[in-house]
Amino acid sequence: MREKPVGHLVVILFISVLGANIIGESLRLMLHFVAGGGSIVERALLDYVTTYPIGPHSLNLIILSLSFELSLHFNVITLLGIFVGWYYFKYSY
């Protein structure tokens with residue numbers, strides 16, 4: 001069996017965390033529509049355990065000024081996404 005690069009693991013885990021955050025926020029919006037705010041499912045699965053902000057970063061181009069900020073909210077769905085990314089890395093290729 002060949003050795004897999006660590007860079008692939010980092011990229012796969014980052015993409016799986018972003019995907020899990022998107023899925024978690026989509027579930028949060030659907031639950032607010034269906035069950036209203038503060039349901040037990042939302043509190044158990046979708047409440048934020050912790051938040052990691054990255055930024056804000058600014059880029060001033062004299063004519064145009066851009067700013068960028070990334071914030072990851074960790075919850076149970078995000079942890080499930082990390083597990084799925086690790087499983088994909090370990091058993092896929």
# chains A, B, ... in the order shown; residues from 1 in each chain; ligands from 1
$ residues_around --residues "stretch 72-87 of chain A" --least-positions-apart "3" --cutoff "12 Å" --atoms "only C-alpha atoms" --output "PyMOL selection string"
chain A and resi 6+8-28+41-55+69+90-93
$ write_last_selection --atoms "C-alpha atoms" --output "PDB file, in the first residue's frame"
ATOM      1  CA  VAL A   6      -0.863  14.703   4.413  1.00  0.00           C
ATOM      2  CA  HIS A   8      -4.655  15.541   0.729  1.00  0.00           C
ATOM      3  CA  LEU A   9      -5.938  14.846   4.243  1.00  0.00           C
ATOM      4  CA  VAL A  10      -5.940  18.555   5.095  1.00  0.00           C
ATOM      5  CA  VAL A  11      -7.803  19.471   1.898  1.00  0.00           C
ATOM      6  CA  ILE A  12     -10.336  16.642   2.289  1.00  0.00           C
ATOM      7  CA  LEU A  13     -11.008  17.515   5.936  1.00  0.00           C
ATOM      8  CA  PHE A  14     -11.367  21.232   5.132  1.00  0.00           C
ATOM      9  CA  ILE A  15     -13.826  20.514   2.310  1.00  0.00           C
ATOM     10  CA  SER A  16     -15.792  18.075   4.476  1.00  0.00           C
ATOM     11  CA  VAL A  17     -16.014  20.622   7.322  1.00  0.00           C
ATOM     12  CA  LEU A  18     -17.255  23.319   4.910  1.00  0.00           C
ATOM     13  CA  GLY A  19     -19.779  20.899   3.409  1.00  0.00           C
ATOM     14  CA  ALA A  20     -21.002  19.853   6.853  1.00  0.00           C
ATOM     15  CA  ASN A  21     -21.391  23.509   7.868  1.00  0.00           C
ATOM     16  CA  ILE A  22     -23.475  24.164   4.748  1.00  0.00           C
ATOM     17  CA  ILE A  23     -25.634  21.108   5.472  1.00  0.00           C
ATOM     18  CA  GLY A  24     -26.015  22.097   9.131  1.00  0.00           C
ATOM     19  CA  GLU A  25     -27.105  25.637   8.304  1.00  0.00           C
ATOM     20  CA  SER A  26     -29.545  24.310   5.682  1.00  0.00           C
ATOM     21  CA  LEU A  27     -31.029  21.960   8.289  1.00  0.00           C
ATOM     22  CA  ARG A  28     -31.279  24.879  10.722  1.00  0.00           C
ATOM     23  CA  VAL A  41     -33.573  18.600  17.423  1.00  0.00           C
ATOM     24  CA  GLU A  42     -32.014  21.976  16.736  1.00  0.00           C
ATOM     25  CA  ARG A  43     -30.624  22.254  20.243  1.00  0.00           C
ATOM     26  CA  ALA A  44     -29.209  18.695  20.170  1.00  0.00           C
ATOM     27  CA  LEU A  45     -27.689  18.645  16.684  1.00  0.00           C
ATOM     28  CA  LEU A  46     -27.253  22.209  15.514  1.00  0.00           C
ATOM     29  CA  ASP A  47     -26.278  24.332  18.524  1.00  0.00           C
ATOM     30  CA  TYR A  48     -22.753  25.628  18.102  1.00  0.00           C
ATOM     31  CA  VAL A  49     -20.156  23.942  20.281  1.00  0.00           C
ATOM     32  CA  THR A  50     -17.540  26.545  19.398  1.00  0.00           C
ATOM     33  CA  THR A  51     -16.784  29.123  16.696  1.00  0.00           C
ATOM     34  CA  TYR A  52     -13.429  29.717  14.994  1.00  0.00           C
ATOM     35  CA  PRO A  53     -13.249  33.045  13.138  1.00  0.00           C
ATOM     36  CA  ILE A  54     -10.527  33.630  10.547  1.00  0.00           C
ATOM     37  CA  GLY A  55     -10.086  37.219   9.504  1.00  0.00           C
ATOM     38  CA  GLU A  69     -13.781  36.781   6.712  1.00  0.00           C
ATOM     39  CA  LYS A  90      -8.634   6.326   4.614  1.00  0.00           C
ATOM     40  CA  TYR A  91     -10.655   3.968   2.431  1.00  0.00           C
ATOM     41  CA  SER A  92     -11.213   5.617  -0.946  1.00  0.00           C
ATOM     42  CA  TYR A  93      -8.008   5.607  -2.964  1.00  0.00           C
TER      43      TYR A  93
END
$ atom_distance --atom1 "atom CA of A:Pro5" --atom2 "atom CA of A:Leu70"
25.7 Å
$ atom_distance --atom1 "atom CA of A:Arg2" --atom2 "atom CA of A:Tyr88"
15.8 Å
$ select_by_dssp --residues "chain A" --states "strand (DSSP E or B)" --output "NGL selection string"
:A and (50-60 or 65-74)
$ write_last_selection --atoms "C-alpha atoms" --output "PDB file, in the first residue's frame"
ATOM      1  CA  THR A  50     -17.540  26.545  19.398  1.00  0.00           C
ATOM      2  CA  THR A  51     -16.784  29.123  16.696  1.00  0.00           C
ATOM      3  CA  TYR A  52     -13.429  29.717  14.994  1.00  0.00           C
ATOM      4  CA  PRO A  53     -13.249  33.045  13.138  1.00  0.00           C
ATOM      5  CA  ILE A  54     -10.527  33.630  10.547  1.00  0.00           C
ATOM      6  CA  GLY A  55     -10.086  37.219   9.504  1.00  0.00           C
ATOM      7  CA  PRO A  56     -11.200  39.783   8.554  1.00  0.00           C
ATOM      8  CA  HIS A  57      -8.561  40.292   5.891  1.00  0.00           C
ATOM      9  CA  SER A  58      -8.548  43.446   3.797  1.00  0.00           C
ATOM     10  CA  LEU A  59      -7.107  44.071   0.359  1.00  0.00           C
ATOM     11  CA  ASN A  60      -6.864  47.725  -0.702  1.00  0.00           C
ATOM     12  CA  SER A  65     -11.212  47.627  -1.430  1.00  0.00           C
ATOM     13  CA  LEU A  66     -12.052  44.005  -0.596  1.00  0.00           C
ATOM     14  CA  SER A  67     -12.463  42.347   2.764  1.00  0.00           C
ATOM     15  CA  PHE A  68     -12.888  38.663   3.541  1.00  0.00           C
ATOM     16  CA  GLU A  69     -13.781  36.781   6.712  1.00  0.00           C
ATOM     17  CA  LEU A  70     -14.353  33.083   7.311  1.00  0.00           C
ATOM     18  CA  SER A  71     -16.009  31.703  10.415  1.00  0.00           C
ATOM     19  CA  LEU A  72     -16.463  27.985  11.123  1.00  0.00           C
ATOM     20  CA  HIS A  73     -19.200  26.959  13.538  1.00  0.00           C
ATOM     21  CA  PHE A  74     -18.616  23.502  15.002  1.00  0.00           C
TER      22      PHE A  74
END
$ select_by_dssp --residues "chain A" --states "helix (DSSP H, G or I)" --output "VMD selection string"
chain A and resid 6 to 34 40 to 46 76 to 91
$ write_last_selection --atoms "N, CA and C atoms" --output "compact mmCIF listing (two decimals), in the first residue's frame"
# COMPACT_ATOMS: atom_id res chain seq x y z
N VAL A 6 -0.14 14.02 3.34
CA VAL A 6 -0.86 14.70 4.41
C VAL A 6 -1.64 15.90 3.86
N GLY A 7 -1.13 16.50 2.81
CA GLY A 7 -1.83 17.63 2.19
C GLY A 7 -3.22 17.23 1.70
N HIS A 8 -3.34 16.01 1.16
CA HIS A 8 -4.65 15.54 0.73
C HIS A 8 -5.60 15.43 1.91
N LEU A 9 -5.10 14.95 3.04
CA LEU A 9 -5.94 14.85 4.24
C LEU A 9 -6.44 16.21 4.69
N VAL A 10 -5.55 17.20 4.68
CA VAL A 10 -5.94 18.56 5.09
C VAL A 10 -7.01 19.11 4.16
N VAL A 11 -6.83 18.96 2.87
CA VAL A 11 -7.80 19.47 1.90
C VAL A 11 -9.14 18.75 2.03
N ILE A 12 -9.10 17.42 2.15
CA ILE A 12 -10.34 16.64 2.29
C ILE A 12 -11.07 17.01 3.57
N LEU A 13 -10.35 17.15 4.69
CA LEU A 13 -11.01 17.51 5.94
C LEU A 13 -11.58 18.92 5.88
N PHE A 14 -10.87 19.86 5.26
CA PHE A 14 -11.37 21.23 5.13
C PHE A 14 -12.64 21.27 4.29
N ILE A 15 -12.64 20.55 3.17
CA ILE A 15 -13.83 20.51 2.31
C ILE A 15 -14.99 19.83 3.02
N SER A 16 -14.71 18.76 3.77
CA SER A 16 -15.79 18.08 4.48
C SER A 16 -16.36 18.94 5.60
N VAL A 17 -15.52 19.72 6.28
CA VAL A 17 -16.01 20.62 7.32
C VAL A 17 -16.88 21.72 6.70
N LEU A 18 -16.45 22.29 5.58
CA LEU A 18 -17.25 23.32 4.91
C LEU A 18 -18.59 22.75 4.44
N GLY A 19 -18.55 21.55 3.86
CA GLY A 19 -19.78 20.90 3.41
C GLY A 19 -20.72 20.60 4.56
N ALA A 20 -20.17 20.14 5.68
CA ALA A 20 -21.00 19.85 6.85
C ALA A 20 -21.60 21.13 7.43
N ASN A 21 -20.84 22.23 7.41
CA ASN A 21 -21.39 23.51 7.87
C ASN A 21 -22.54 23.97 6.97
N ILE A 22 -22.40 23.79 5.68
CA ILE A 22 -23.47 24.16 4.75
C ILE A 22 -24.71 23.31 5.00
N ILE A 23 -24.51 22.00 5.18
CA ILE A 23 -25.63 21.11 5.47
C ILE A 23 -26.28 21.46 6.81
N GLY A 24 -25.48 21.74 7.82
CA GLY A 24 -26.02 22.10 9.13
C GLY A 24 -26.84 23.37 9.10
N GLU A 25 -26.35 24.39 8.39
CA GLU A 25 -27.10 25.64 8.30
C GLU A 25 -28.38 25.46 7.48
N SER A 26 -28.34 24.61 6.45
CA SER A 26 -29.55 24.31 5.68
C SER A 26 -30.58 23.60 6.56
N LEU A 27 -30.12 22.64 7.36
CA LEU A 27 -31.03 21.96 8.29
C LEU A 27 -31.61 22.93 9.30
N ARG A 28 -30.81 23.88 9.77
CA ARG A 28 -31.28 24.88 10.72
C ARG A 28 -32.41 25.71 10.10
N LEU A 29 -32.23 26.14 8.84
CA LEU A 29 -33.27 26.93 8.17
C LEU A 29 -34.54 26.12 7.98
N MET A 30 -34.40 24.84 7.58
CA MET A 30 -35.58 23.99 7.39
C MET A 30 -36.29 23.75 8.72
N LEU A 31 -35.55 23.54 9.79
CA LEU A 31 -36.18 23.32 11.09
C LEU A 31 -36.90 24.57 11.58
N HIS A 32 -36.35 25.75 11.33
CA HIS A 32 -37.03 26.98 11.71
C HIS A 32 -38.34 27.12 10.93
N PHE A 33 -38.35 26.68 9.69
CA PHE A 33 -39.56 26.76 8.87
C PHE A 33 -40.59 25.75 9.33
N VAL A 34 -40.16 24.51 9.64
CA VAL A 34 -41.09 23.43 9.97
C VAL A 34 -41.51 23.46 11.44
N ILE A 40 -36.07 20.78 20.01
CA ILE A 40 -35.10 19.90 20.67
C ILE A 40 -34.09 19.35 19.67
N VAL A 41 -34.50 19.10 18.44
CA VAL A 41 -33.57 18.60 17.42
C VAL A 41 -32.52 19.66 17.11
N GLU A 42 -32.96 20.90 17.01
CA GLU A 42 -32.01 21.98 16.74
C GLU A 42 -31.03 22.14 17.89
N ARG A 43 -31.52 22.09 19.10
CA ARG A 43 -30.62 22.25 20.24
C ARG A 43 -29.66 21.08 20.36
N ALA A 44 -30.08 19.87 20.02
CA ALA A 44 -29.21 18.69 20.17
C ALA A 44 -28.18 18.61 19.05
N LEU A 45 -28.59 18.86 17.83
CA LEU A 45 -27.69 18.65 16.68
C LEU A 45 -27.03 19.91 16.16
N LEU A 46 -27.70 21.03 16.25
CA LEU A 46 -27.25 22.21 15.51
C LEU A 46 -26.76 23.36 16.37
N VAL A 76 -22.55 19.12 16.05
CA VAL A 76 -22.53 17.67 15.87
C VAL A 76 -22.47 17.31 14.38
N ILE A 77 -23.16 18.06 13.54
CA ILE A 77 -23.13 17.80 12.10
C ILE A 77 -21.73 18.02 11.54
N THR A 78 -21.01 19.01 12.03
CA THR A 78 -19.64 19.26 11.59
C THR A 78 -18.73 18.12 12.00
N LEU A 79 -18.90 17.61 13.20
CA LEU A 79 -18.10 16.46 13.63
C LEU A 79 -18.39 15.24 12.77
N LEU A 80 -19.64 15.06 12.38
CA LEU A 80 -19.99 13.98 11.47
C LEU A 80 -19.31 14.18 10.11
N GLY A 81 -19.23 15.43 9.64
CA GLY A 81 -18.53 15.73 8.39
C GLY A 81 -17.05 15.44 8.47
N ILE A 82 -16.42 15.72 9.62
CA ILE A 82 -15.01 15.40 9.81
C ILE A 82 -14.80 13.88 9.74
N PHE A 83 -15.70 13.13 10.36
CA PHE A 83 -15.60 11.67 10.31
C PHE A 83 -15.76 11.15 8.88
N VAL A 84 -16.70 11.71 8.13
CA VAL A 84 -16.91 11.29 6.74
C VAL A 84 -15.68 11.61 5.89
N GLY A 85 -15.07 12.78 6.09
CA GLY A 85 -13.86 13.14 5.35
C GLY A 85 -12.69 12.22 5.69
N TRP A 86 -12.54 11.90 6.96
CA TRP A 86 -11.47 10.98 7.36
C TRP A 86 -11.70 9.59 6.76
N TYR A 87 -12.96 9.11 6.79
CA TYR A 87 -13.29 7.80 6.23
C TYR A 87 -13.01 7.78 4.73
N TYR A 88 -13.37 8.86 4.03
CA TYR A 88 -13.08 8.96 2.60
C TYR A 88 -11.58 8.91 2.34
N PHE A 89 -10.80 9.63 3.13
CA PHE A 89 -9.36 9.65 2.95
C PHE A 89 -8.76 8.27 3.21
N LYS A 90 -9.23 7.60 4.22
CA LYS A 90 -8.63 6.33 4.61
C LYS A 90 -8.97 5.20 3.65
N TYR A 91 -10.21 5.14 3.17
CA TYR A 91 -10.66 3.97 2.43
C TYR A 91 -10.95 4.20 0.95
